[in-house]
Amino acid sequence: MYCIKRLIHLAGSKPVHTGLVSVCKRVTCVIQNISLRSQHNSNEIENDEIDEAYNELSNEYLGIVAGGHRAFIVQPYIKWGPDKKRNTTPELQLAEAEALVKTLPHWTIVDKVCIPLTSLEKKQLLGEGGLENLKTRIRSQRNVTAIFISTYGLKYVQIRELQTIFSLPIYDRYSIVIQIFHQHAKSREAKLQVALAEIPYIWKKLNVDESRNDGAINFIDSRRKILQARETKLKNEIKKLKQHRQMLRSSRQKLGIPSVAIVGYTNAGKTSLIKALTGDSSLEPRNQLFATLDTTAYEGRLPSTLKVLYMDTIGFIQDIPATLLEPFVATFEDAMTADVIVHIYDASHPDYKAQYTHVQETLKNLIHDDRPIINVANKCDLVKQGTVPEDVLAISATESTGIDLLRQQIEKELLLVTGRSTTRIRVRSGSPEAAWLYKETVVVGAEPDSEDLQYLIMSVIATEDKLRKFKKFLSQ
């Protein structure tokens, strides 16, 4: 009871904790139930109780709101020194922050501002003068309900300080992106990965609460147990799904179907490109950030009629911590084990250079071999001629410009990397040998032998292993 009374006192004295009383009662009740049941049921915890208590915990720490916000965007940037970003501008960073907010339903942007700083480490982020100017700017707007500070590096102690100063909820890039993930996660796997992605953020905030102490040790310990139980449950479920994905991957490899991963910055046009390459009319690309959260395979054909799988992937984005995308590694593995990688970027985007560089650097960390990467500049119809570098394929996924050339390049790289080659083989027309080649290889051409019309000259694409199997078939 001392813990409860102490929390009520804290809630009354600090505006940022107004919701602690109800949360504390719920978490304390759950922990009491867990303790009682552990004496009779071998420490088993009911999943629904964990989930309910965790939801209250995550809503407080992540600030998830269904009804949306009228947001004021602050884009901080380092104006000089080694931490200054040199391949972009504050205005372009601010534009991306706006795009993130616009992706969330029921959120609107009231006003926005870029603020130069020498460091992001100050407890209140800004100096006294900067804080006063920002207060005046926000107060001049009508009904601002939240502030979005567009940096992933915002510490929880900074969030708490700023919430106290402005009496408004504070969001950083991590908490905004995780809410977008919540909106776009449709499959069970995506939902599990999003749920796990938010855990490190909550741990970080919980550890700050613990370091502050405030006499709420029992309360923090209760939250720690809830979070640990939730994290363990999610990791176990994702482990099972990962094993399932490995089985599917093994099955595809046994079938010998080559794969191509389509990667790129979020909203660069990955799904549109797959639609153009496969002709799959059921695909519906969306003009939104992080519209795709699953790695999904789509079947297509190359100019030789060779069957191939195109892997759609989650998009990359700058200025978010690695822990946010870590849970998606299991689905990234499908893409990163692909035979060829196509990196698509939006050539018409004002910040395409920074986006291109970010994806290239990320790929270097993910791929540790010489796998071929084909760089593709999308939306070439929207840029001036000569803008796209000569070593990059210029395409328009929506207009199908350059798609045939891209297919040819993909086929060329695939044949090299998978050890496939085109071979001419002479077989009797209508023979079991001819039937075997049609079934086991890709037949790109067949013409009668001019010297003996009972025979065919077949051009086939096959691996060395397939050709060895054909020789064995001939000897039977």
# chains A, B, ... in the order shown; residues from 1 in each chain; ligands from 1
$ residues_around --residues "stretch 142-148 of chain A" --least-positions-apart "3" --cutoff "6 Å" --atoms "only C-alpha atoms" --output "mmCIF file with N, CA and C atoms, in the first residue's frame"
data_model
loop_
_atom_site.group_PDB
_atom_site.id
_atom_site.type_symbol
_atom_site.label_atom_id
_atom_site.label_comp_id
_atom_site.auth_asym_id
_atom_site.auth_seq_id
_atom_site.Cartn_x
_atom_site.Cartn_y
_atom_site.Cartn_z
ATOM 1 N N HIS A 69 -3.454 13.239 -33.661
ATOM 2 C CA HIS A 69 -2.949 14.458 -33.009
ATOM 3 C C HIS A 69 -2.878 15.595 -34.008
ATOM 4 N N ARG A 70 -2.905 16.790 -33.465
ATOM 5 C CA ARG A 70 -2.550 17.994 -34.214
ATOM 6 C C ARG A 70 -1.108 18.296 -33.823
ATOM 7 N N ALA A 71 -0.194 17.962 -34.714
ATOM 8 C CA ALA A 71 1.226 17.923 -34.341
ATOM 9 C C ALA A 71 1.999 19.163 -34.776
ATOM 10 N N PHE A 72 2.909 19.553 -33.907
ATOM 11 C CA PHE A 72 3.905 20.580 -34.221
ATOM 12 C C PHE A 72 5.221 19.840 -34.426
ATOM 13 N N ILE A 73 5.849 19.993 -35.608
ATOM 14 C CA ILE A 73 7.077 19.262 -35.913
ATOM 15 C C ILE A 73 8.301 20.130 -35.661
ATOM 16 N N LEU A 168 2.705 18.943 -23.078
ATOM 17 C CA LEU A 168 2.204 18.247 -24.257
ATOM 18 C C LEU A 168 2.990 16.941 -24.425
ATOM 19 N N PRO A 169 2.363 15.903 -25.003
ATOM 20 C CA PRO A 169 3.117 14.680 -25.271
ATOM 21 C C PRO A 169 4.209 14.929 -26.312
ATOM 22 N N ILE A 170 5.368 14.305 -26.107
ATOM 23 C CA ILE A 170 6.516 14.451 -27.005
ATOM 24 C C ILE A 170 6.755 13.124 -27.717
ATOM 25 N N TYR A 171 6.914 13.182 -29.041
ATOM 26 C CA TYR A 171 7.204 11.987 -29.842
ATOM 27 C C TYR A 171 8.551 12.161 -30.527
ATOM 28 N N ASP A 172 9.295 11.060 -30.653
ATOM 29 C CA ASP A 172 10.504 11.072 -31.472
ATOM 30 C C ASP A 172 10.272 10.153 -32.668
#
$ residues_around --residues "stretch 408-418 of chain A" --least-positions-apart "3" --cutoff "8 Å" --atoms "only C-alpha atoms" --output "list in words"
Pro258, Leu302, Pro303, Asp339, Val340, Arg371, Pro372, Ile374, Asp404, Leu405, Ser421 and Thr463 of chain A
$ closest_residue --among "A:Arg301, A:Lys469, A:Lys191, A:Arg252" --to "A:Leu234" --atoms "only C-alpha atoms"
A:Lys191
$ closest_residue --among "A:Ala434, A:Leu120, A:Val263, A:Leu125" --to "A:His358" --atoms "only C-alpha atoms"
A:Val263
$ residues_around --residues "A:Gly256" --least-positions-apart "4" --cutoff "12 Å" --atoms "only C-alpha atoms" --output "MDAnalysis selection string"
chainID A and resid 249:252 306:309 339 418:420 440:442 462:463 465:466
$ atom_distance --atom1 "atom CA of A:Ser167" --atom2 "atom CA of A:Gln141"
14.8 Å
$ select_by_dssp --residues "stretch 80-328 of chain A" --states "helix (DSSP H, G or I)" --output "count of residues only"
128
$ closest_residue --among "A:Leu92, A:Ile238, A:Ile202, A:Ile180" --to "A:Lys353" --atoms "only C-alpha atoms"
A:Leu92
$ atom_distance --atom1 "atom CA of A:Thr136" --atom2 "atom CA of A:Pro105"
27.8 Å
$ residues_around --residues "A:Gln355" --least-positions-apart "4" --cutoff "7 Å" --atoms "only C-alpha atoms" --output "PyMOL selection string"
chain A and resi 265+351+359
$ closest_residue --among "A:Val177, A:Ala297, A:Ala338, A:Ile109" --to "A:Gly315" --atoms "only C-alpha atoms"
A:Val177
$ residues_around --residues "A:Ile314" --least-positions-apart "6" --cutoff "7 Å" --atoms "only C-alpha atoms" --output "list in words"
Phe290, Thr292, Leu293, Asp294 and Thr295 of chain A
$ atom_distance --atom1 "atom CA of A:Glu433" --atom2 "atom CA of A:Asp452"
16.7 Å
$ closest_residue --among "A:Ser429, A:Gln246, A:Ser475, A:Thr323" --to "A:Ile199" --atoms "only C-alpha atoms"
A:Thr323
$ closest_residue --among "A:Tyr54, A:Trp80, A:Tyr156, A:Phe166" --to "A:Leu131" --atoms "only C-alpha atoms"
A:Phe166
$ select_by_dssp --residues "stretch 183-425 of chain A" --states "strand (DSSP E or B)" --output "PyMOL selection string"
chain A and resi 259-265+296-301+307-312+316+340-346+373-378+393-394+396+401+420-425
$ write_last_selection --atoms "C-alpha atoms" --output "JSON list (two decimals), in the first residue's frame"
[["chain", "number", "residue", "atom", "x", "y", "z"],
["A", 259, "SER", "CA", 15.35, -15.48, -56.43],
["A", 260, "VAL", "CA", 15.78, -11.73, -56.73],
["A", 261, "ALA", "CA", 15.41, -9.39, -53.74],
["A", 262, "ILE", "CA", 13.95, -5.94, -54.43],
["A", 263, "VAL", "CA", 15.28, -3.55, -51.78],
["A", 264, "GLY", "CA", 15.27, 0.20, -51.32],
["A", 265, "TYR", "CA", 14.30, 3.21, -49.29],
["A", 296, "THR", "CA", 6.72, -11.80, -49.83],
["A", 297, "ALA", "CA", 7.68, -13.86, -52.90],
["A", 298, "TYR", "CA", 6.10, -13.26, -56.33],
["A", 299, "GLU", "CA", 6.68, -15.51, -59.35],
["A", 300, "GLY", "CA", 7.87, -14.04, -62.64],
["A", 301, "ARG", "CA", 9.50, -15.07, -65.92],
["A", 307, "LYS", "CA", 11.08, -18.92, -63.65],
["A", 308, "VAL", "CA", 12.21, -16.53, -60.90],
["A", 309, "LEU", "CA", 10.93, -15.37, -57.50],
["A", 310, "TYR", "CA", 10.89, -11.64, -56.75],
["A", 311, "MET", "CA", 11.08, -10.86, -53.02],
["A", 312, "ASP", "CA", 9.33, -7.70, -51.79],
["A", 316, "PHE", "CA", 14.85, 1.36, -45.18],
["A", 340, "VAL", "CA", 20.60, -11.22, -57.06],
["A", 341, "ILE", "CA", 19.64, -7.95, -55.34],
["A", 342, "VAL", "CA", 17.95, -5.05, -57.12],
["A", 343, "HIS", "CA", 18.35, -1.74, -55.30],
["A", 344, "ILE", "CA", 15.66, 0.68, -56.45],
["A", 345, "TYR", "CA", 15.71, 4.37, -55.54],
["A", 346, "ASP", "CA", 13.41, 7.27, -56.37],
["A", 373, "ILE", "CA", 23.55, -5.71, -56.88],
["A", 374, "ILE", "CA", 21.72, -4.01, -59.74],
["A", 375, "ASN", "CA", 21.10, -0.32, -59.05],
["A", 376, "VAL", "CA", 17.87, 1.04, -60.55],
["A", 377, "ALA", "CA", 16.72, 4.66, -60.72],
["A", 378, "ASN", "CA", 12.92, 4.70, -60.61],
["A", 393, "LEU", "CA", 19.45, 1.50, -65.06],
["A", 394, "ALA", "CA", 16.83, 4.21, -65.57],
["A", 396, "SER", "CA", 9.70, 3.96, -64.57],
["A", 401, "THR", "CA", 9.95, 2.15, -69.13],
["A", 420, "ARG", "CA", 23.52, -21.74, -65.20],
["A", 421, "SER", "CA", 24.53, -21.72, -68.84],
["A", 422, "THR", "CA", 22.91, -22.13, -72.23],
["A", 423, "THR", "CA", 23.74, -25.50, -73.81],
["A", 424, "ARG", "CA", 22.78, -26.99, -77.20],
["A", 425, "ILE", "CA", 21.81, -30.68, -77.03]]
